[in-house]
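Visitor: This is the structure, below, for whatever I ask next.
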Amino acid sequence: MSENHTHFIKHIVTKDMEEGSYEEIVTRFPPEPNGYLHIGHAKSIVLNFELADEFGGRTNLRFDDTNPLKEDKEYVDAILEDIHWLGFEPEAVRYASNYFDEMYRQAVRLIERGLAYVEDLSQEEIREMRGTLTEAGKESPSRSRSIEENLELFEQMKQGEFGDGEKVLRAKIDMSSPNINLRDPVLYRISHTEHHNTGSDWCIYPMYSFAHPLEDAIEGVTHSICTLEFEDQRPLYDWVVEHAELDGEPKQIEFARLNLTNTVMSKRKLKQLVDENYVDGWDDPRMPTISGLRRRGFTPESIKQFCREIGVSKADNLVDVRMLEHFLREDLKLKAPRTMAVLDPLKVVITNYPEGEVEWLPADINPENEEMGTREIPFSREIYIEREDFMEDPPKKYFRLYPGNEVRIKHAYFIKCHDVIKDENGEITEIHCTYDPETKSGSGFTGRKVKGTLHYVDASEAVPAEFRLYDSLIDDEAAGDSFLDHVNASSLKVQHGFVEPNMKNVQPHDKFQFFRHGYFNVDPKDSTSEKLVFNRVVGLKSSFKLK
RNA sequence: AGGGCUAUAGCCAAGCGGUAAGGCAUCGGAUUUUGAUUCCGUGACUCGCAGGUUCGAAUCCUGCUAGCCCUGCCA
């Protein structure tokens, strides 16, 4: 199911395997535990895991925890949960911090071979001497220090004899390189910070550009897949691999990260939305995080299928969110039970229906999947329909209920409106209809046809429920400098209505298709047996337009 | 602009010298007890632009244009 999709990375791997460059293909998914995973990460996860799987290889999950200032165990746990939920099982779970000893050894070997030196200059001085995009940099005086002195200084850095920022270890490459990443990049910095994994064992931490290739080489990663912004770092990646005294020879391949319409996709921005309370948390159903999508009601399969279908390339892209929604509908179409919910109730009294009588009508649970069987739903003299399903003065082509019009009540009877009851403000409070017993659903009645079929909930057995309807978090109509100016103020709409009586015992994450409304998920945090809460995942498509 | 990369329909995206796949979206039409689903139909005389090579070019070459990324002791 995941195949028939080809892309440039697959071509590279195929060629490598044909040429026998590697015994097996090994990939890795390397998140930094400084935030929650989002759907952009899902693209990378699916790519890495399924690529290795297709070629009979393996994939590690490796936390890139080289910067204790930003990282936290909370994020590690959330990431673990999200990957598991998506349905992937890493060959091994590793941490960059597992390799700190080895990385230190490699750094020492670099110094011993005259390929790295300890820098005395301040951060500002380093920056000034690095040059600019169009001018070469200048070599630091520290560059000519002896190997012995470098070794001693680096040892002192490790021993904690310097404060944060006082010294740094730099690679000795080329201060005049047109690629700024090669102008003696920093390899190690000092940070007297507690690490979530190694505690206070270390006060020097390797930089990403030094650590990452080493991690890949240590784990035997063959294809190290990352996003486009690391392209300029590839020469440095290769430099580290070449000079490291390790067997692995991983190569870095870059692809374009995912962008989605009407959403932001950077951990920094998402964290800001959380920290500044624009949303409920990382798992707010409006967030593009894996946990947000999960709470909203997206399924792992829909997310994975989306990730497969958008493809992998190097071109900047902006994918329409409706594509994601498409795959959710696709996944739930045959799986989700149909049920009826009235989100904005309007009472209908069926004046010729006997008072006090209730009949239970059979209703299929999923007409597209008969194996799901049937349920029984009540029908009596008073029912609720959707307020928008009645108009006193309808436009043309409106084939729902209006005075004098007859419609079908799903699974029940035809009803015809004969009276509209209003309060003193002119607000419609209820409508009166008659029903025709001969038109009962399942009776085979063909005497006449109606254009509209309305869903309903029986008033005497109705179960109150809350419905949360979501709109995009980011509105591209608004203008402003910051993405915060584009936050959609009405991205959440809450309605209170009713569901069928057999919905009383729903469980968190149960998913339903509410007839004519869309797919809904039982909210895992706020729904209780006393107060049901349903999140609308996506609506049904509709070609209905008023006017 | 010094370097790195990208450009195929509204949006993704195949294509790798032999005459433009597929998906999403849109718009029609048929069926329909969900204005849903399903089914059929719908768009590139042309692949950023201009030249060149070739019997033949989206694919090769040259030049140009536009967009993205790079001057953290972040990843």
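In the structure tokens, the first chain shown is A, the next is B, and so on; residue numbers restart at 1 for each chain, and ligands run from 1 in the order shown.
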Can you pull out the residues contacting B:G51? Cut-off 12 Å, using only C-alpha atoms (C1' of nucleotides), and skip same-chain residues under 3 positions away; I want them as a list of chain:residue names.

Guide: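 Once the adjacent positions are removed, what remains is B:C61, B:U62, B:G63, B:C64.
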
Visitor: Export all heavy atoms of the chosen residues as an mmCIF file, in the first residue's frame?

Guide:
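Saved to out-v7.cif:
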data_model
loop_
_atom_site.group_PDB
_atom_site.id
_atom_site.type_symbol
_atom_site.label_atom_id
_atom_site.label_comp_id
_atom_site.auth_asym_id
_atom_site.auth_seq_id
_atom_site.Cartn_x
_atom_site.Cartn_y
_atom_site.Cartn_z
ATOM 1 P P C B 61 23.911 19.510 -19.252
ATOM 2 O OP1 C B 61 24.997 19.306 -18.270
ATOM 3 O OP2 C B 61 22.619 20.100 -18.828
ATOM 4 O "O5'" C B 61 24.462 20.399 -20.454
ATOM 5 C "C5'" C B 61 25.746 20.148 -21.020
ATOM 6 C "C4'" C B 61 26.045 21.237 -22.022
ATOM 7 O "O4'" C B 61 25.081 21.163 -23.111
ATOM 8 C "C3'" C B 61 25.871 22.651 -21.479
ATOM 9 O "O3'" C B 61 27.031 23.073 -20.791
ATOM 10 C "C2'" C B 61 25.632 23.450 -22.754
ATOM 11 O "O2'" C B 61 26.825 23.695 -23.464
ATOM 12 C "C1'" C B 61 24.770 22.477 -23.564
ATOM 13 N N1 C B 61 23.327 22.713 -23.385
ATOM 14 C C2 C B 61 22.735 23.780 -24.073
ATOM 15 O O2 C B 61 23.439 24.506 -24.785
ATOM 16 N N3 C B 61 21.405 24.001 -23.934
ATOM 17 C C4 C B 61 20.677 23.204 -23.157
ATOM 18 N N4 C B 61 19.369 23.448 -23.063
ATOM 19 C C5 C B 61 21.261 22.112 -22.436
ATOM 20 C C6 C B 61 22.575 21.904 -22.578
ATOM 21 P P U B 62 26.908 24.187 -19.627
ATOM 22 O OP1 U B 62 28.233 24.292 -18.996
ATOM 23 O OP2 U B 62 25.695 23.906 -18.808
ATOM 24 O "O5'" U B 62 26.623 25.515 -20.469
ATOM 25 C "C5'" U B 62 27.639 26.058 -21.314
ATOM 26 C "C4'" U B 62 27.096 27.294 -21.990
ATOM 27 O "O4'" U B 62 26.001 26.931 -22.872
ATOM 28 C "C3'" U B 62 26.475 28.318 -21.055
ATOM 29 O "O3'" U B 62 27.448 29.127 -20.430
ATOM 30 C "C2'" U B 62 25.602 29.111 -22.020
ATOM 31 O "O2'" U B 62 26.359 30.005 -22.802
ATOM 32 C "C1'" U B 62 25.063 27.999 -22.922
ATOM 33 N N1 U B 62 23.746 27.513 -22.465
ATOM 34 C C2 U B 62 22.629 28.260 -22.812
ATOM 35 O O2 U B 62 22.700 29.280 -23.466
ATOM 36 N N3 U B 62 21.434 27.754 -22.359
ATOM 37 C C4 U B 62 21.244 26.623 -21.617
ATOM 38 O O4 U B 62 20.100 26.298 -21.293
ATOM 39 C C5 U B 62 22.443 25.910 -21.287
ATOM 40 C C6 U B 62 23.631 26.367 -21.715
ATOM 41 P P G B 63 27.139 29.729 -18.973
ATOM 42 O OP1 G B 63 28.413 30.284 -18.481
ATOM 43 O OP2 G B 63 26.403 28.728 -18.166
ATOM 44 O "O5'" G B 63 26.135 30.912 -19.312
ATOM 45 C "C5'" G B 63 26.576 32.032 -20.072
ATOM 46 C "C4'" G B 63 25.385 32.847 -20.500
ATOM 47 O "O4'" G B 63 24.485 32.001 -21.282
ATOM 48 C "C3'" G B 63 24.487 33.332 -19.368
ATOM 49 O "O3'" G B 63 24.994 34.483 -18.735
ATOM 50 C "C2'" G B 63 23.200 33.631 -20.141
ATOM 51 O "O2'" G B 63 23.279 34.842 -20.855
ATOM 52 C "C1'" G B 63 23.147 32.446 -21.101
ATOM 53 N N9 G B 63 22.347 31.361 -20.538
ATOM 54 C C8 G B 63 22.791 30.195 -19.951
ATOM 55 N N7 G B 63 21.823 29.440 -19.525
ATOM 56 C C5 G B 63 20.664 30.149 -19.837
ATOM 57 C C6 G B 63 19.299 29.838 -19.619
ATOM 58 O O6 G B 63 18.815 28.833 -19.089
ATOM 59 N N1 G B 63 18.458 30.845 -20.088
ATOM 60 C C2 G B 63 18.883 32.005 -20.702
ATOM 61 N N2 G B 63 17.937 32.857 -21.079
ATOM 62 N N3 G B 63 20.152 32.306 -20.913
ATOM 63 C C4 G B 63 20.977 31.344 -20.469
ATOM 64 P P C B 64 24.609 34.776 -17.212
ATOM 65 O OP1 C B 64 25.368 35.956 -16.780
ATOM 66 O OP2 C B 64 24.712 33.513 -16.458
ATOM 67 O "O5'" C B 64 23.058 35.162 -17.321
ATOM 68 C "C5'" C B 64 22.677 36.391 -17.921
ATOM 69 C "C4'" C B 64 21.181 36.407 -18.128
ATOM 70 O "O4'" C B 64 20.763 35.148 -18.738
ATOM 71 C "C3'" C B 64 20.341 36.451 -16.861
ATOM 72 O "O3'" C B 64 20.231 37.765 -16.348
ATOM 73 C "C2'" C B 64 18.992 35.966 -17.391
ATOM 74 O "O2'" C B 64 18.308 36.954 -18.117
ATOM 75 C "C1'" C B 64 19.435 34.852 -18.335
ATOM 76 N N1 C B 64 19.410 33.528 -17.678
ATOM 77 C C2 C B 64 18.164 32.923 -17.453
ATOM 78 O O2 C B 64 17.142 33.517 -17.806
ATOM 79 N N3 C B 64 18.107 31.704 -16.854
ATOM 80 C C4 C B 64 19.236 31.112 -16.490
ATOM 81 N N4 C B 64 19.138 29.921 -15.913
ATOM 82 C C5 C B 64 20.525 31.710 -16.695
ATOM 83 C C6 C B 64 20.561 32.910 -17.287
#

Visitor: Tell me the residues of chain B close to chain A, meaning within 12 Å using only C-alpha atoms (C1' of nucleotides), as a PyMOL selection string.

Guide: chain B and resi 1-8+10-16+21-27+32-38+67-75

Visitor: To one decimal place, how far is atom C1' of B:A66 from atom C1' of B:G48 in Å?

Guide: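 So the answer is 7.4 Å.
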
Visitor: Could you pull the residues within 9 Å of A:Val358, counting only C-alpha atoms (C1' of nucleotides), minus those fewer than 6 positions along the same chain, as a list in words?

Guide: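 Using only C-alpha atoms (C1' of nucleotides), the neighbours found are Pro378, Phe379, Ser380, Arg381 and Ser460 of chain A.
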
Visitor: Mind the document's chain letters and residue numbers, and return as a list of chain:residue names the residues of stretch 2-100 of chain A that DSSP labels strand (DSSP E).

Guide: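 Across stretch 2-100 of chain A, those assigned strand (DSSP E) are A:Val26, A:Thr27, A:Arg28, A:Phe29, A:Arg58, A:Thr59, A:Asn60, A:Leu61, A:Arg62, A:Phe63, A:Ala92, A:Val93, A:Arg94, A:Tyr95.
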